Every structure is written in C-alpha cells, then in structure tokens.
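Listing of data_28.cif, mmCIF, C-alpha atoms
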data_data
loop_
_atom_site.group_PDB
_atom_site.id
_atom_site.type_symbol
_atom_site.label_atom_id
_atom_site.label_comp_id
_atom_site.auth_asym_id
_atom_site.auth_seq_id
_atom_site.Cartn_x
_atom_site.Cartn_y
_atom_site.Cartn_z
ATOM 1 C CA MET A 77 -18.285 23.520 -2.050
ATOM 2 C CA VAL A 78 -19.755 22.747 -5.459
ATOM 3 C CA THR A 79 -22.795 20.472 -5.563
ATOM 4 C CA ASP A 80 -22.930 17.363 -7.742
ATOM 5 C CA ALA A 81 -25.457 19.063 -10.001
ATOM 6 C CA GLU A 82 -23.300 22.185 -10.384
ATOM 7 C CA TRP A 83 -20.186 20.104 -11.135
ATOM 8 C CA THR A 84 -22.107 18.100 -13.739
ATOM 9 C CA ARG A 85 -23.326 21.345 -15.347
ATOM 10 C CA ILE A 86 -19.811 22.825 -15.422
ATOM 11 C CA ARG A 87 -18.210 19.629 -16.740
ATOM 12 C CA ARG A 88 -20.761 19.378 -19.571
ATOM 13 C CA GLY A 89 -19.524 22.737 -20.860
ATOM 14 C CA LEU A 90 -15.855 21.732 -20.900
ATOM 15 C CA ARG A 91 -13.882 20.584 -23.930
ATOM 16 C CA PHE A 92 -10.432 19.014 -23.988
ATOM 17 C CA GLY A 93 -7.936 21.674 -25.020
ATOM 18 C CA GLN A 94 -10.322 24.530 -24.134
ATOM 19 C CA VAL A 95 -8.201 27.511 -23.087
ATOM 20 C CA PHE A 96 -8.793 29.606 -19.975
ATOM 21 C CA GLU A 97 -6.781 32.519 -18.722
ATOM 22 C CA GLY A 98 -5.893 31.643 -15.165
ATOM 23 C CA THR A 99 -3.983 32.930 -12.174
ATOM 24 C CA VAL A 100 -1.679 30.658 -10.216
ATOM 25 C CA VAL A 101 -3.047 30.858 -6.675
ATOM 26 C CA GLN A 102 -0.940 28.292 -4.870
ATOM 27 C CA VAL A 103 2.297 26.367 -5.314
ATOM 28 C CA PRO A 104 2.106 24.279 -2.123
ATOM 29 C CA ARG A 105 5.237 22.143 -2.454
ATOM 30 C CA PRO A 106 7.351 23.259 -5.426
ATOM 31 C CA GLY A 107 8.619 20.256 -7.326
ATOM 32 C CA ALA A 108 6.328 17.835 -5.509
ATOM 33 C CA ILE A 109 2.622 17.943 -6.455
ATOM 34 C CA GLY A 110 1.773 20.739 -8.875
ATOM 35 C CA ILE A 111 0.067 24.123 -8.889
ATOM 36 C CA PHE A 112 -3.450 25.380 -8.218
ATOM 37 C CA VAL A 113 -4.954 27.796 -10.730
ATOM 38 C CA ASP A 114 -8.041 30.008 -10.582
ATOM 39 C CA ILE A 115 -9.693 29.976 -14.013
ATOM 40 C CA GLY A 116 -12.780 31.904 -12.976
ATOM 41 C CA LEU A 117 -15.094 28.945 -12.399
ATOM 42 C CA SER A 118 -16.555 27.779 -9.096
ATOM 43 C CA VAL A 119 -14.248 24.741 -9.173
ATOM 44 C CA GLY A 120 -10.498 24.827 -8.883
ATOM 45 C CA GLY A 121 -7.947 24.148 -11.564
ATOM 46 C CA PHE A 122 -4.829 22.076 -10.991
ATOM 47 C CA VAL A 123 -1.685 21.391 -13.042
ATOM 48 C CA ASP A 124 -0.062 18.095 -12.073
ATOM 49 C CA VAL A 125 3.679 17.961 -11.429
ATOM 50 C CA LEU A 126 3.967 15.475 -14.319
ATOM 51 C CA LEU A 127 3.142 18.228 -16.818
ATOM 52 C CA LEU A 128 5.466 20.871 -15.353
ATOM 53 C CA PRO A 129 9.202 21.353 -15.914
ATOM 54 C CA GLU A 130 11.487 19.108 -13.885
ATOM 55 C CA GLN A 131 13.073 22.117 -12.170
ATOM 56 C CA SER A 132 10.501 23.812 -9.934
ATOM 57 C CA GLU A 133 12.189 27.192 -10.400
ATOM 58 C CA ASP A 134 10.853 27.000 -13.990
ATOM 59 C CA TRP A 135 7.263 26.648 -12.759
ATOM 60 C CA PRO A 136 4.889 29.616 -12.859
ATOM 61 C CA THR A 137 4.834 31.317 -9.459
ATOM 62 C CA GLU A 138 1.874 32.481 -7.390
ATOM 63 C CA GLY A 139 0.248 35.451 -9.088
ATOM 64 C CA THR A 140 1.352 34.408 -12.592
ATOM 65 C CA VAL A 141 -1.396 34.969 -15.163
ATOM 66 C CA ALA A 142 -1.190 32.619 -18.132
ATOM 67 C CA ASP A 143 -3.306 30.504 -20.454
ATOM 68 C CA PHE A 144 -4.149 26.958 -19.407
ATOM 69 C CA GLU A 145 -5.887 24.203 -21.362
ATOM 70 C CA ILE A 146 -8.355 21.626 -20.108
ATOM 71 C CA TRP A 147 -6.379 18.398 -19.823
ATOM 72 C CA TRP A 148 -8.885 16.311 -17.842
ATOM 73 C CA ALA A 149 -11.971 16.552 -15.651
ATOM 74 C CA ASP A 150 -13.723 13.607 -14.077
ATOM 75 C CA SER A 151 -15.997 12.969 -11.118
ATOM 76 C CA ARG A 152 -13.579 14.756 -8.757
ATOM 77 C CA ARG A 153 -14.594 18.392 -8.497
ATOM 78 C CA GLN A 154 -11.395 19.733 -9.978
ATOM 79 C CA ILE A 155 -10.326 20.647 -13.496
ATOM 80 C CA ARG A 156 -6.972 19.266 -14.542
ATOM 81 C CA LEU A 157 -5.069 21.749 -16.669
ATOM 82 C CA LYS A 158 -1.945 21.926 -18.766
ATOM 83 C CA PRO A 159 -0.067 25.154 -19.380
ATOM 84 C CA SER A 160 -0.460 26.525 -22.908
ATOM 85 C CA ASP A 161 2.943 28.230 -22.683
ATOM 86 C CA SER A 162 5.652 25.679 -23.522
ATOM 87 C CA HIS A 163 7.987 27.404 -21.028
ATOM 88 C CA TYR A 164 5.788 25.991 -18.256
ATOM 89 C CA LEU A 165 5.583 22.464 -19.728
ATOM 90 C CA ARG A 166 7.928 19.579 -19.104
ATOM 91 C CA ASN A 167 10.801 19.587 -21.617
ATOM 92 C CA ASP A 168 9.780 16.278 -23.183
ATOM 93 C CA PHE A 169 6.053 17.016 -23.338
ATOM 94 C CA THR A 170 5.655 15.759 -26.911
ATOM 95 C CA ASP A 171 7.297 12.430 -26.041
ATOM 96 C CA PHE A 172 5.299 12.260 -22.791
ATOM 97 C CA VAL A 173 2.022 12.640 -24.704
ATOM 98 C CA GLU A 174 3.049 10.037 -27.279
ATOM 99 C CA ARG A 175 3.805 7.541 -24.484
ATOM 100 C CA PHE A 176 0.995 8.222 -22.014
ATOM 101 C CA ARG A 177 -1.817 9.952 -23.893
ATOM 102 C CA PRO A 178 -1.345 9.300 -27.602
ATOM 103 C CA ASP A 179 -4.980 10.171 -28.386
ATOM 104 C CA TRP A 180 -4.586 13.713 -27.017
ATOM 105 C CA PRO A 181 -4.483 15.447 -30.424
ATOM 106 C CA SER A 182 -7.748 13.775 -31.466
ATOM 107 C CA GLU A 183 -9.377 14.528 -28.080
ATOM 108 C CA VAL A 184 -8.881 18.301 -28.385
ATOM 109 C CA GLY A 185 -12.267 19.920 -28.862
ATOM 110 C CA ARG A 186 -14.224 16.905 -27.643
ATOM 111 C CA PRO A 187 -16.492 17.134 -24.601
ATOM 112 C CA VAL A 188 -15.013 16.140 -21.252
ATOM 113 C CA ARG A 189 -16.891 13.148 -19.892
ATOM 114 C CA ASP A 190 -16.440 10.798 -16.988
ATOM 115 C CA PRO A 191 -14.889 7.478 -17.932
ATOM 116 C CA GLU A 192 -17.544 4.903 -18.674
ATOM 117 C CA PRO A 193 -18.426 2.670 -15.720
ATOM 118 C CA PRO A 194 -16.965 -0.828 -15.961
ATOM 119 C CA THR A 195 -19.059 -3.503 -17.564
ATOM 120 C CA LEU A 196 -20.359 -6.320 -15.358
ATOM 121 C CA GLY A 197 -17.604 -8.612 -16.673
ATOM 122 C CA GLU A 198 -14.896 -6.032 -15.959
ATOM 123 C CA ALA A 199 -16.285 -5.438 -12.474
ATOM 124 C CA ARG A 200 -16.126 -9.174 -11.694
ATOM 125 C CA VAL A 201 -12.441 -9.460 -12.588
ATOM 126 C CA ALA A 202 -11.287 -6.099 -11.231
ATOM 127 C CA PRO A 203 -8.969 -6.365 -8.214
ATOM 128 C CA ARG A 204 -10.544 -5.250 -4.980
ATOM 129 C CA SER A 205 -8.847 -2.670 -2.805
ATOM 130 C CA ASP A 206 -10.521 -3.886 0.380
ATOM 131 C CA GLY A 207 -9.003 -7.365 0.396
ATOM 132 C CA PRO A 208 -9.949 -10.639 -1.237
ATOM 133 C CA SER A 209 -13.504 -11.172 -2.377
ATOM 134 C CA ALA A 210 -15.843 -13.475 -0.513
ATOM 135 C CA ASN A 211 -15.535 -16.003 -3.354
ATOM 136 C CA SER A 212 -11.738 -16.250 -3.313
ATOM 137 C CA PRO A 213 -10.154 -19.487 -1.970
#
Let's see the structure in the file written out as structure tokens.
Amino acid sequence: MVTDAEWTRIRRGLRFGQVFEGTVVQVPRPGAIGIFVDIGLSVGGFVDVLLLPEQSEDWPTEGTVADFEIWWADSRRQIRLKPSDSHYLRNDFTDFVERFRPDWPSEVGRPVRDPEPPTLGEARVAPRSDGPSANSP
C-alpha cells in the first residue's frame, strides 16, 4: 500500500500524455471494466473500458507489453492510462475526446494535479449524497 506522501511524490512527477512501457497484468472482466497495467511504479495503472475497443477480443491480453500514456491521476492511488497504440483504442477515440475531453491536446505535457477543491459557494449548492441537508425544508 502506497502512503499519502508517496502518492503525492509520484503524482507530482507525472505529466498528461507521459508515456510508460507497461505490461498488462490483469483483464478481470473482458468487455466490462478495463485492464490493469504494471508501468514500473509502486502504484497501479488502469485503462478504463471507455478507452478500449468495443470488442474485448481487440483488447491487449495479459502479458502484452505496450506503451501507455498518462490519461489521469487524482487522489485515488491509481494512474489512469490510455493505450498509445491505436489498435488498443476505441474506434472513435478522436470523436470521444472532442466530446468528453476537448482540452486533452492542450493538457499533454502539463503536470497532473488533483482537481481544485470546491469554493465555499460551490460547496453550499452541491447536492449531498447522504440525504437532504439540515437546512432543507
């Protein structure tokens, strides 16, 4: 288990689009959640199903060595990756990025940081997951 301090240190050294050679170590439910990748760091790498081809038989299999790029890393102790090889990407990746992450090209090379905490105003209006607030009617 990686400590908070170690995860913070690792994350500070990561850049969006940074490429790592990795080995696919687990494909737990092909077509359902994604793949786990060892990129040689003390934290795991993961490629989400949303970035992989629709047909799971087109996914890299356990033992596959390939290049993977840093797609995201936040407070969870896991590095989100995207395959560098277009054969392992969803067929409509370019359209997917334009719809869901249009700033991706400008993010490449930038440091990976946690999202900023909400401002006080945003926190007051944010929906609560544990039921209504004490002030609600």
Task: Non-local contacts of region 125-127 of chain A (7 Å; only C-alpha atoms; under 5 positions in same chain excluded) as an NGL selection string - done: :A and (107-110 or 158 or 165-166)
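Restricting the calculation to only C-alpha atoms, the smallest distance between Gly120 (chain A) and any of A:Trp135, A:Tyr164, A:Phe92, A:Trp83 is found for A:Trp83.
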Task: Top pick for closest residue to Ile146 (chain A), considering A:Phe112, A:Phe169, A:Phe176, A:Phe122 and counting all atoms listed in the file - done: A:Phe122
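For the set A:Arg186, A:Arg91, A:Arg175, A:Arg85, the residue with the smallest atom-to-atom gap to Arg156 (chain A) is A:Arg91, counting all atoms listed in the file.
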Open item on the list: With all atoms listed in the file as the counted atoms, please give the residues lying no more than 12 Å from Trp147 (chain A), apart from itself and same-chain residues fewer than 3 positions off, as a VMD selection string.
Closed with: chain A and resid 90 to 96 121 to 124 127 144 150 154 to 160 173 177 179 to 181 183 to 189
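Comparing A:Val119, A:Glu145, A:Ser182, A:Ser162 by their smallest distance to Asp80 (chain A), the closest is A:Val119 (using all atoms listed in the file).
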- [ ] Work out how far CA of Pro178 (chain A) is from CA of His163 (chain A), in Å to one decimal.
- [x]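 A separation of 21.4 Å between them.
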- [ ] Can you give me, as a PyMOL selection string, the residues this file yields under the PyMOL selection byres ((chain A and resi 139) around 7)?
- [x] chain A and resi 99-101+137-138+140-141
Open item on the list: Measuring between only C-alpha atoms, which one of A:Glu82, A:Glu97, A:Asp114, A:Glu130 shows the shortest distance to Asp161 (chain A)?
Closed with: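 The answer is A:Glu97, which sits nearest to Asp161 (chain A).
If you measure from each of A:Asp134, A:Gln102, A:Ala149, A:Ser118 to Asn167 (chain A) using only C-alpha atoms, the closest one turns out to be A:Asp134.
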Open item on the list: So the first atom is CA of Arg153 (chain A) and the second is CA of Thr79 (chain A); what is the distance between them in Å, to one decimal place?
Closed with: 9.0 Å
Which centre and edge lengths in Å to one decimal define the box along x, y and z that fits every listed atom of region 151-166 of chain A plus 8 Å per side, as AutoDock Vina command-line options?
--center_x -4.0 --center_y 20.6 --center_z -16.0 --size_x 40.0 --size_y 31.3 --size_z 31.0
Task: Distance in Å - CA of Val103 (chain A) versus CA of Val78 (chain A) - done: 22.3 Å
